[in-house]
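S.K.: You'll find coords02.txt just under this line, and it carries compact mmCIF, C-alpha atoms and all ligand atoms.
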# COMPACT_ATOMS: atom_id res chain seq x y z
CA MET A 1 0.00 0.00 0.00
CA THR A 2 2.83 2.33 0.88
CA HIS A 3 4.22 2.60 -2.66
CA THR A 4 0.98 4.13 -4.01
CA HIS A 5 1.60 7.28 -1.99
CA THR A 6 2.62 10.23 -4.16
CA PRO A 7 3.62 13.17 -2.00
CA PRO A 8 2.56 16.60 -3.26
CA ASP A 9 5.25 18.76 -4.91
CA ARG A 10 5.88 22.36 -3.90
CA GLN A 11 3.24 23.68 -6.28
CA ALA A 12 0.60 21.29 -4.95
CA ILE A 13 1.56 22.19 -1.36
CA LEU A 14 1.02 25.85 -2.18
CA ARG A 15 -2.35 25.11 -3.74
CA TRP A 16 -3.54 23.26 -0.64
CA LEU A 17 -2.33 26.11 1.60
CA VAL A 18 -4.29 28.81 -0.22
CA SER A 19 -7.35 26.81 -1.28
CA ASP A 20 -10.65 28.39 -0.30
CA ASP A 21 -12.68 25.45 -1.54
CA PRO A 22 -14.14 23.60 1.49
CA GLN A 23 -14.32 20.35 -0.50
CA GLU A 24 -10.66 20.54 -1.42
CA VAL A 25 -9.75 21.23 2.21
CA ALA A 26 -11.91 18.31 3.36
CA ALA A 27 -10.05 16.12 0.85
CA LEU A 28 -6.75 17.24 2.44
CA TRP A 29 -7.95 16.14 5.90
CA ARG A 30 -9.03 12.76 4.51
CA LEU A 31 -5.79 12.19 2.62
CA ALA A 32 -3.66 13.15 5.62
CA ASP A 33 -5.63 10.84 7.91
CA LEU A 34 -5.37 7.95 5.44
CA THR A 35 -1.65 8.51 4.97
CA ARG A 36 -1.16 8.57 8.75
CA GLN A 37 -3.08 5.32 9.03
CA CYS A 38 -1.07 3.58 6.28
CA PHE A 39 2.37 4.66 7.40
CA VAL A 40 2.29 4.96 11.20
CA GLY A 41 -1.01 3.25 12.02
CA ASP A 42 -3.50 3.91 14.80
CA PRO A 43 -1.25 4.06 17.86
CA VAL A 44 -0.90 7.49 19.43
CA HIS A 45 2.35 7.76 21.36
CA LEU A 46 2.52 9.81 24.52
CA ARG A 47 5.59 11.87 25.36
CA GLY A 48 5.94 13.41 28.81
CA LEU A 49 7.05 17.04 28.50
CA VAL A 50 9.19 18.59 31.23
CA GLU A 51 9.91 22.31 30.97
CA VAL A 52 13.20 22.21 32.81
CA SER A 53 13.99 25.95 32.83
CA ASN A 54 12.53 29.21 31.53
CA ARG A 55 15.82 31.05 31.76
CA CYS A 56 16.86 32.31 28.35
CA GLU A 57 19.60 34.49 26.92
CA ARG A 58 17.94 34.95 23.56
CA ASN A 59 15.57 37.71 22.58
CA CYS A 60 13.32 36.09 20.01
CA LEU A 61 10.72 38.70 19.16
CA TYR A 62 7.80 36.30 19.45
CA CYS A 63 8.63 34.31 22.56
CA GLY A 64 7.30 35.02 26.05
CA ILE A 65 10.39 33.67 27.84
CA ARG A 66 12.78 35.99 25.94
CA ALA A 67 15.57 37.51 28.06
CA ASP A 68 14.14 41.04 28.10
CA ASN A 69 10.77 39.98 29.47
CA ARG A 70 11.15 41.16 33.07
CA GLN A 71 7.57 40.20 33.97
CA LEU A 72 8.61 36.63 34.49
CA GLN A 73 10.02 34.91 37.48
CA ARG A 74 12.79 32.60 36.26
CA TYR A 75 13.39 29.03 37.39
CA LEU A 76 15.64 26.07 36.84
CA MET A 77 14.38 22.72 38.07
CA LEU A 78 16.56 20.68 40.40
CA SER A 79 17.95 17.49 38.95
CA ASP A 80 16.02 15.48 41.55
CA GLU A 81 12.80 17.13 40.43
CA ILE A 82 13.56 16.18 36.82
CA LEU A 83 14.30 12.60 37.89
CA ALA A 84 10.98 12.52 39.75
CA CYS A 85 9.23 13.59 36.52
CA ALA A 86 10.96 10.74 34.69
CA HIS A 87 9.62 8.24 37.20
CA LYS A 88 6.18 9.83 36.93
CA ALA A 89 6.36 9.34 33.15
CA VAL A 90 7.07 5.63 33.65
CA GLN A 91 4.30 5.34 36.22
CA VAL A 92 1.67 6.79 33.87
CA GLY A 93 2.89 4.58 31.01
CA PHE A 94 4.81 6.99 28.76
CA GLY A 95 7.71 5.76 26.61
CA THR A 96 9.49 9.06 26.11
CA LEU A 97 10.63 11.96 28.26
CA VAL A 98 11.06 15.34 26.54
CA LEU A 99 13.31 17.84 28.31
CA GLN A 100 12.80 21.39 27.07
CA ALA A 101 14.26 24.72 28.20
CA GLY A 102 15.21 28.20 27.07
CA GLU A 103 18.77 28.81 25.96
CA ASP A 104 20.95 29.39 28.98
CA SER A 105 24.70 28.94 28.83
CA ALA A 106 24.72 28.77 32.63
CA ILE A 107 23.13 25.34 32.25
CA GLU A 108 26.22 23.20 32.00
CA GLY A 109 26.45 20.53 29.36
CA GLN A 110 27.73 18.08 31.94
CA TRP A 111 24.77 18.73 34.27
CA VAL A 112 22.35 17.79 31.48
CA ALA A 113 24.47 14.76 30.53
CA ASP A 114 24.41 13.50 34.13
CA ILE A 115 20.61 13.77 34.23
CA VAL A 116 20.28 11.98 30.89
CA ARG A 117 22.56 9.20 32.08
CA GLN A 118 20.68 8.79 35.33
CA VAL A 119 17.27 8.65 33.63
CA LYS A 120 18.66 6.03 31.26
CA GLU A 121 20.06 4.00 34.16
CA GLU A 122 16.85 4.09 36.15
CA THR A 123 14.23 3.75 33.37
CA ASP A 124 13.67 2.46 29.83
CA LEU A 125 12.49 5.86 28.62
CA ALA A 126 13.62 7.31 25.32
CA ILE A 127 14.93 10.85 25.85
CA THR A 128 14.22 13.78 23.59
CA LEU A 129 16.10 17.02 24.20
CA SER A 130 14.82 20.43 23.15
CA LEU A 131 17.40 22.81 24.58
CA GLY A 132 17.98 25.10 21.63
CA GLU A 133 21.26 26.06 20.00
CA ARG A 134 24.22 24.73 21.96
CA PRO A 135 27.94 24.17 21.29
CA ASP A 136 28.57 21.09 19.20
CA GLN A 137 30.37 19.40 22.07
CA ASP A 138 27.21 19.50 24.18
CA TYR A 139 25.21 17.76 21.44
CA GLN A 140 27.89 15.07 21.33
CA LEU A 141 28.12 14.76 25.10
CA TRP A 142 24.36 14.38 25.49
CA HIS A 143 24.11 11.80 22.75
CA ALA A 144 26.96 9.84 24.32
CA ALA A 145 25.09 10.03 27.65
CA GLY A 146 22.11 8.33 26.02
CA ALA A 147 19.87 11.07 24.58
CA ASP A 148 17.97 9.62 21.62
CA ARG A 149 16.33 12.56 19.88
CA TYR A 150 16.70 16.31 19.43
CA LEU A 151 14.06 18.88 18.56
CA LEU A 152 15.02 22.24 17.07
CA ARG A 153 12.46 24.09 15.00
CA PHE A 154 13.84 26.21 12.17
CA GLU A 155 10.73 28.41 12.65
CA THR A 156 10.89 29.80 9.09
CA GLY A 157 13.30 29.05 6.28
CA ASN A 158 13.09 32.64 5.08
CA ARG A 159 16.52 33.82 6.17
CA GLU A 160 15.67 37.50 6.35
CA LEU A 161 12.50 36.91 8.37
CA PHE A 162 14.30 34.44 10.65
CA ASP A 163 17.06 36.95 11.42
CA ARG A 164 14.48 39.64 12.10
CA ILE A 165 12.51 37.62 14.68
CA HIS A 166 15.46 35.74 16.11
CA PRO A 167 18.34 38.17 16.72
CA PRO A 168 21.69 36.35 16.90
CA LEU A 169 23.81 36.46 20.03
CA ALA A 170 26.54 39.10 19.81
CA GLY A 171 29.26 38.05 17.42
CA GLN A 172 27.57 34.79 16.44
CA SER A 173 25.51 33.82 13.48
CA CYS A 174 23.28 30.85 13.55
CA ASP A 175 22.18 28.38 10.98
CA ARG A 176 19.63 25.97 12.37
CA LEU A 177 19.54 23.96 9.15
CA SER A 178 23.20 23.08 9.48
CA ILE A 179 22.69 22.29 13.18
CA LEU A 180 19.94 19.85 12.14
CA ALA A 181 22.30 18.15 9.68
CA ARG A 182 24.94 17.94 12.39
CA LEU A 183 22.49 16.43 14.91
CA ARG A 184 21.63 13.74 12.39
CA GLU A 185 25.34 13.04 11.83
CA ILE A 186 25.89 12.63 15.57
CA GLY A 187 23.15 10.01 15.55
CA TYR A 188 20.06 11.71 16.92
CA GLU A 189 16.57 11.14 15.65
CA VAL A 190 15.91 14.67 14.42
CA GLY A 191 12.84 16.86 14.71
CA SER A 192 12.08 20.34 13.48
CA GLY A 193 9.21 22.51 12.38
CA VAL A 194 7.89 26.01 11.94
CA MET A 195 5.43 28.52 13.33
CA VAL A 196 2.45 29.20 11.12
CA GLY A 197 1.42 32.80 10.53
CA ILE A 198 4.50 34.76 11.63
CA PRO A 199 4.00 38.39 10.56
CA GLY A 200 5.92 38.68 7.28
CA GLN A 201 5.60 34.97 6.41
CA SER A 202 4.21 34.41 2.92
CA TYR A 203 2.39 31.34 1.63
CA ASP A 204 5.22 30.94 -0.85
CA SER A 205 7.83 30.71 1.87
CA LEU A 206 5.64 28.39 3.97
CA ALA A 207 5.31 26.08 0.95
CA ASP A 208 9.12 26.10 0.70
CA ASP A 209 9.33 25.18 4.39
CA ILE A 210 6.97 22.22 4.05
CA ASP A 211 8.91 21.08 1.01
CA ARG A 212 12.05 21.38 3.15
CA PHE A 213 10.59 18.94 5.71
CA ARG A 214 10.93 16.40 2.95
CA THR A 215 14.50 17.27 1.97
CA LEU A 216 15.56 17.32 5.63
CA ASP A 217 13.98 13.86 5.89
CA LEU A 218 12.67 14.74 9.35
CA ASP A 219 11.83 12.02 11.86
CA MET A 220 9.66 14.38 13.91
CA ILE A 221 7.76 17.49 12.85
CA GLY A 222 6.31 19.99 15.32
CA VAL A 223 4.27 22.90 14.04
CA GLY A 224 1.73 25.28 15.50
CA PRO A 225 0.14 28.64 14.81
CA TYR A 226 2.02 31.74 15.95
CA ILE A 227 0.23 33.17 19.00
CA PRO A 228 1.05 36.83 19.81
CA HIS A 229 2.31 37.32 23.37
CA PRO A 230 1.56 40.82 24.75
CA ASP A 231 4.90 41.05 26.55
CA THR A 232 6.88 40.61 23.32
CA PRO A 233 7.82 43.14 20.61
CA LEU A 234 6.27 41.13 17.79
CA ALA A 235 2.81 41.49 19.32
CA SER A 236 2.90 45.25 18.66
CA ILE A 237 4.98 45.45 15.48
CA GLY A 238 3.33 42.42 13.91
CA ASN A 239 0.69 44.48 12.13
CA ARG A 240 3.31 46.62 10.45
CA TRP A 241 5.27 43.61 9.26
CA ALA A 242 2.28 41.74 7.91
CA LEU A 243 2.25 41.21 4.15
CA PRO A 244 -0.74 42.23 2.03
CA PRO A 245 -3.83 40.07 2.58
CA GLY A 246 -3.63 37.02 0.35
CA GLU A 247 0.15 36.83 0.76
CA GLN A 248 0.41 36.84 4.54
CA VAL A 249 -0.09 33.41 6.12
CA VAL A 250 -2.96 33.64 8.61
CA ASN A 251 -2.10 32.40 12.09
CA SER A 252 -5.33 30.48 12.48
CA VAL A 253 -5.74 27.03 13.97
CA GLU A 254 -7.10 25.89 10.64
CA MET A 255 -3.96 26.94 8.81
CA GLY A 256 -2.01 25.09 11.50
CA TYR A 257 -3.96 21.91 10.72
CA ARG A 258 -3.27 22.38 7.02
CA VAL A 259 0.45 22.43 7.78
CA ILE A 260 0.16 19.29 9.97
CA ALA A 261 -1.75 17.54 7.17
CA LEU A 262 0.78 18.57 4.51
CA ALA A 263 3.68 17.58 6.78
CA ARG A 264 2.11 14.11 6.99
CA LEU A 265 1.89 13.94 3.19
CA VAL A 266 5.51 14.96 2.60
CA CYS A 267 6.98 12.91 5.48
CA PRO A 268 4.54 10.02 5.77
CA GLN A 269 6.56 8.11 8.38
CA ALA A 270 7.38 11.02 10.67
CA ASN A 271 6.16 11.34 14.23
CA ILE A 272 3.95 14.43 14.28
CA PRO A 273 2.50 15.81 17.53
CA SER A 274 -0.83 17.48 17.92
CA THR A 275 0.91 20.37 19.67
CA THR A 276 -0.06 22.38 22.74
CA ALA A 277 -0.72 25.44 20.55
CA PHE A 278 -3.80 23.68 19.14
CA ALA A 279 -5.10 22.68 22.56
CA THR A 280 -4.53 26.27 23.71
CA LEU A 281 -6.46 27.86 20.85
CA ASP A 282 -9.15 25.25 20.26
CA GLY A 283 -9.60 23.52 23.64
CA PRO A 284 -9.64 19.72 23.92
CA VAL A 285 -11.14 19.47 20.44
CA GLY A 286 -7.97 21.11 19.10
CA ARG A 287 -5.88 18.15 20.09
CA GLU A 288 -8.43 15.75 18.56
CA LEU A 289 -8.56 17.57 15.25
CA GLY A 290 -4.76 17.47 15.05
CA LEU A 291 -4.87 13.71 15.56
CA GLN A 292 -7.50 13.37 12.83
CA ARG A 293 -5.56 15.48 10.35
CA GLY A 294 -2.18 13.78 10.34
CA ALA A 295 -0.79 13.81 13.89
CA ASN A 296 0.11 10.65 15.81
CA ILE A 297 1.72 12.01 18.97
CA VAL A 298 0.50 13.80 22.10
CA MET A 299 2.80 15.47 24.61
CA PRO A 300 1.12 15.80 28.01
CA ASN A 301 2.82 18.27 30.31
CA LEU A 302 4.61 16.72 33.29
CA THR A 303 6.19 19.97 34.52
CA PRO A 304 5.53 20.45 38.25
CA GLN A 305 2.56 22.75 38.77
CA LYS A 306 4.56 25.50 40.52
CA TYR A 307 6.72 26.06 37.43
CA ARG A 308 4.12 25.69 34.74
CA ARG A 309 2.69 29.19 34.63
CA MET A 310 6.23 30.58 34.36
CA TYR A 311 6.88 28.72 31.10
CA GLU A 312 4.64 31.01 29.12
CA ILE A 313 6.10 31.07 25.62
CA TYR A 314 2.70 32.31 24.48
CA PRO A 315 -0.29 33.48 26.55
CA ALA A 316 -2.69 31.05 28.22
CA LYS A 317 -0.49 28.19 27.09
CA ALA A 318 -2.78 25.26 27.87
CA ALA A 319 -3.31 26.87 31.26
CA SER A 320 -4.11 23.46 32.60
CA THR A 321 -4.11 22.85 36.31
CA GLU A 322 -4.30 19.12 35.73
CA ASP A 323 -1.62 17.02 37.32
CA ALA A 324 0.22 14.29 35.42
CA GLU A 325 -2.35 11.58 36.23
CA GLN A 326 -5.29 13.76 35.22
CA SER A 327 -3.80 15.00 31.96
CA CYS A 328 -2.70 11.50 31.11
CA ALA A 329 -6.16 10.05 31.84
CA ALA A 330 -7.75 12.79 29.72
CA ALA A 331 -5.40 12.04 26.83
CA LEU A 332 -6.13 8.31 27.06
CA ARG A 333 -9.90 8.91 27.03
CA GLN A 334 -9.59 11.21 24.04
CA ILE A 335 -7.43 8.78 22.07
CA ARG A 336 -9.82 5.89 22.66
CA ALA A 337 -12.87 8.02 21.85
CA LEU A 338 -11.30 8.66 18.44
CA GLY A 339 -11.04 4.91 17.89
CA ARG A 340 -7.26 5.02 18.11
CA THR A 341 -4.98 3.00 20.35
CA VAL A 342 -2.38 4.12 22.86
CA GLY A 343 1.16 3.47 21.66
CA THR A 344 3.34 1.19 23.71
CA GLY A 345 7.13 1.25 23.97
CA ARG A 346 9.35 4.12 22.92
CA GLY A 347 7.56 5.04 19.73
CA ASP A 348 10.72 5.54 17.67
CA SER A 349 10.17 7.03 14.25
CA PRO A 350 9.77 4.40 11.53
CA ASN A 351 11.46 7.01 9.34
CA LEU A 352 14.69 6.45 11.24
CA GLN A 353 14.40 2.67 11.13
CA LYS A 354 14.02 2.68 7.34
CA SER A 355 17.49 4.21 6.98
CA ILE A 356 19.32 1.80 9.28
N1 LIG A 401 3.49 31.36 19.41
C1 LIG A 401 3.55 30.09 18.95
N2 LIG A 401 4.62 29.30 19.12
C2 LIG A 401 5.66 29.81 19.78
N3 LIG A 401 6.85 29.28 20.08
C3 LIG A 401 7.56 30.18 20.77
N4 LIG A 401 6.85 31.32 20.92
C4 LIG A 401 5.66 31.11 20.31
C5 LIG A 401 4.51 31.91 20.10
N5 LIG A 401 4.42 33.17 20.55
C6 LIG A 401 7.27 27.96 19.61
C7 LIG A 401 8.54 28.05 18.76
C8 LIG A 401 9.56 27.26 19.55
C9 LIG A 401 8.68 26.33 20.36
C10 LIG A 401 9.30 25.77 21.58
O1 LIG A 401 7.57 27.13 20.70
O2 LIG A 401 8.30 27.42 17.50
O3 LIG A 401 10.47 26.54 18.76
Give the structure from the file, written as structure tokens.

M.R.:
Amino acid sequence: MTHTHTPPDRQAILRWLVSDDPQEVAALWRLADLTRQCFVGDPVHLRGLVEVSNRCERNCLYCGIRADNRQLQRYLMLSDEILACAHKAVQVGFGTLVLQAGEDSAIEGQWVADIVRQVKEETDLAITLSLGERPDQDYQLWHAAGADRYLLRFETGNRELFDRIHPPLAGQSCDRLSILARLREIGYEVGSGVMVGIPGQSYDSLADDIDRFRTLDLDMIGVGPYIPHPDTPLASIGNRWALPPGEQVVNSVEMGYRVIALARLVCPQANIPSTTAFATLDGPVGRELGLQRGANIVMPNLTPQKYRRMYEIYPAKAASTEDAEQSCAAALRQIRALGRTVGTGRGDSPNLQKSI
């Protein structure tokens, strides 16, 4: 069955993105769901997300935890607290632990490596790191310590727009695409993705980005609509940067689902989460729609309650007060109600296995 799948080319991607024909859009949802079913099946894998620190040295114009946002109290979890989250993940039946944080050079590479090693010693969890741009030696150290996967969104492949919303650190330039290639070389399962509807992002450039998912041969793809955060510069200058209507990508949930669906078509074997941004904008139904339009992964938040409200990359980020057990039970109910099954084991990307 798999060989009958013909992924859309760049032109077809663009057509789907801008289509205003409800029947065409409905056909996209159906095709994405079918493709998901053929290539990764019905299991929905659960990843436990731990937001390890909201300290950040960067000043991304869109992000609520940017360095210049003085409204925020900053935290760094203790290694014992992170370990406790890992055991919680095992207890509720997850196969993967995702450790995410802002970029903070005060977080030592070795400290992270020791945590990774300890989680690996004490559990069978797969470990995904999402710790931003780091020196190459840290990526190597963490992989050697047992980290399996790395997530780094390239946000937009439009170089000029990227530089505008993501100012480089003094004296450094950054090229996330080459970091992604390097992560693959080191041996990580590699994930990336974009925000949908960044002011200044055109449909043309978004079509390029989706096409790039294919050339990067991504194992994991995370996307979500851009959500303006009032304590960030982009929230106020966004209107000025927006392209003329028709060119500017709208930052709607629906456009987000289109990108999930197209990501599934171009990378049929990738692991694609129904991200928190959808649950934030669309409530519980947001997560369900993502799962019905190409996604096969859910990432319940395991961050201790006292830290959660401080990790506000965008406002009202799934302002859930549910604890790990509750959010896990809710996810399980939802998955079963959709007629899907709950994934067991680590849920490695079949995309990676094909290349070994
Ligand atoms: N709206 C939507 N997504 C955001 N992210 C950061 N800030 C925002 C925002 N305001 C996303 C980025 C980043 C990921 C961790 O969260 O894509 O890579």

S.K.: As a PyMOL selection string, please: every protein or nucleic acid residue near ligand LIG 401 (chain A) (cut-off 7 Å, counting all atoms listed in the file).

M.R.: chain A and resi 62-64+152-153+155+194-195+223-229+277+313-314

S.K.: Looking at only C-alpha atoms, which of A:Leu332, A:Leu72, A:Ile179, A:Cys85 is the one that sits closest to Ile297 in chain A?

M.R.: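 Checking each of A:Leu332, A:Leu72, A:Ile179, A:Cys85 against Ile297 in chain A, counting only C-alpha atoms, the winner is A:Leu332.
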
S.K.: Please measure the separation of CA of Glu189 in chain A and CA of Ile272 in chain A, giving the value in Å to one decimal.

M.R.: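 Atom-to-atom, CA of Glu189 in chain A to CA of Ile272 in chain A, that is 13.1 Å.
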
S.K.: Please identify all polymer residues within 12 Å of Thr215 in chain A, counting only C-alpha atoms, omitting same-chain residues fewer than 3 positions from it, and present them as a list in words.

M.R.: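 The neighbour list is Asp9, Arg10, Leu177, Leu180, Ala181, Asp208, Asp209, Ile210, Asp211, Arg212, Leu218, Asp219, Ala263, Val266 and Cys267 of chain A.
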
S.K.: My list of candidates is A:Asp68, A:Glu81, A:Asp217, A:Glu24. Which is closest to Val50 in chain A when distances are computed with all atoms listed in the file?

M.R.: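 Closest residue, counting all atoms listed in the file: A:Glu81.
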
S.K.: Counting all atoms listed in the file, select every polymer residue within 10 Å of (-0.6, 9.4, 8.5) as defined in the file's coordinates, and provide the selection as a VMD selection string.

M.R.: chain A and resid 30 to 42 261 263 to 265 267 to 272 291 to 296

S.K.: Filtering to C-alpha atoms, could you give me those residues as an mmCIF file, in the frame of the given file?

M.R.:
data_model
loop_
_atom_site.group_PDB
_atom_site.id
_atom_site.type_symbol
_atom_site.label_atom_id
_atom_site.label_comp_id
_atom_site.auth_asym_id
_atom_site.auth_seq_id
_atom_site.Cartn_x
_atom_site.Cartn_y
_atom_site.Cartn_z
ATOM 1 C CA ARG A 30 -9.030 12.760 4.510
ATOM 2 C CA LEU A 31 -5.790 12.190 2.620
ATOM 3 C CA ALA A 32 -3.660 13.150 5.620
ATOM 4 C CA ASP A 33 -5.630 10.840 7.910
ATOM 5 C CA LEU A 34 -5.370 7.950 5.440
ATOM 6 C CA THR A 35 -1.650 8.510 4.970
ATOM 7 C CA ARG A 36 -1.160 8.570 8.750
ATOM 8 C CA GLN A 37 -3.080 5.320 9.030
ATOM 9 C CA CYS A 38 -1.070 3.580 6.280
ATOM 10 C CA PHE A 39 2.370 4.660 7.400
ATOM 11 C CA VAL A 40 2.290 4.960 11.200
ATOM 12 C CA GLY A 41 -1.010 3.250 12.020
ATOM 13 C CA ASP A 42 -3.500 3.910 14.800
ATOM 14 C CA ALA A 261 -1.750 17.540 7.170
ATOM 15 C CA ALA A 263 3.680 17.580 6.780
ATOM 16 C CA ARG A 264 2.110 14.110 6.990
ATOM 17 C CA LEU A 265 1.890 13.940 3.190
ATOM 18 C CA CYS A 267 6.980 12.910 5.480
ATOM 19 C CA PRO A 268 4.540 10.020 5.770
ATOM 20 C CA GLN A 269 6.560 8.110 8.380
ATOM 21 C CA ALA A 270 7.380 11.020 10.670
ATOM 22 C CA ASN A 271 6.160 11.340 14.230
ATOM 23 C CA ILE A 272 3.950 14.430 14.280
ATOM 24 C CA LEU A 291 -4.870 13.710 15.560
ATOM 25 C CA GLN A 292 -7.500 13.370 12.830
ATOM 26 C CA ARG A 293 -5.560 15.480 10.350
ATOM 27 C CA GLY A 294 -2.180 13.780 10.340
ATOM 28 C CA ALA A 295 -0.790 13.810 13.890
ATOM 29 C CA ASN A 296 0.110 10.650 15.810
#
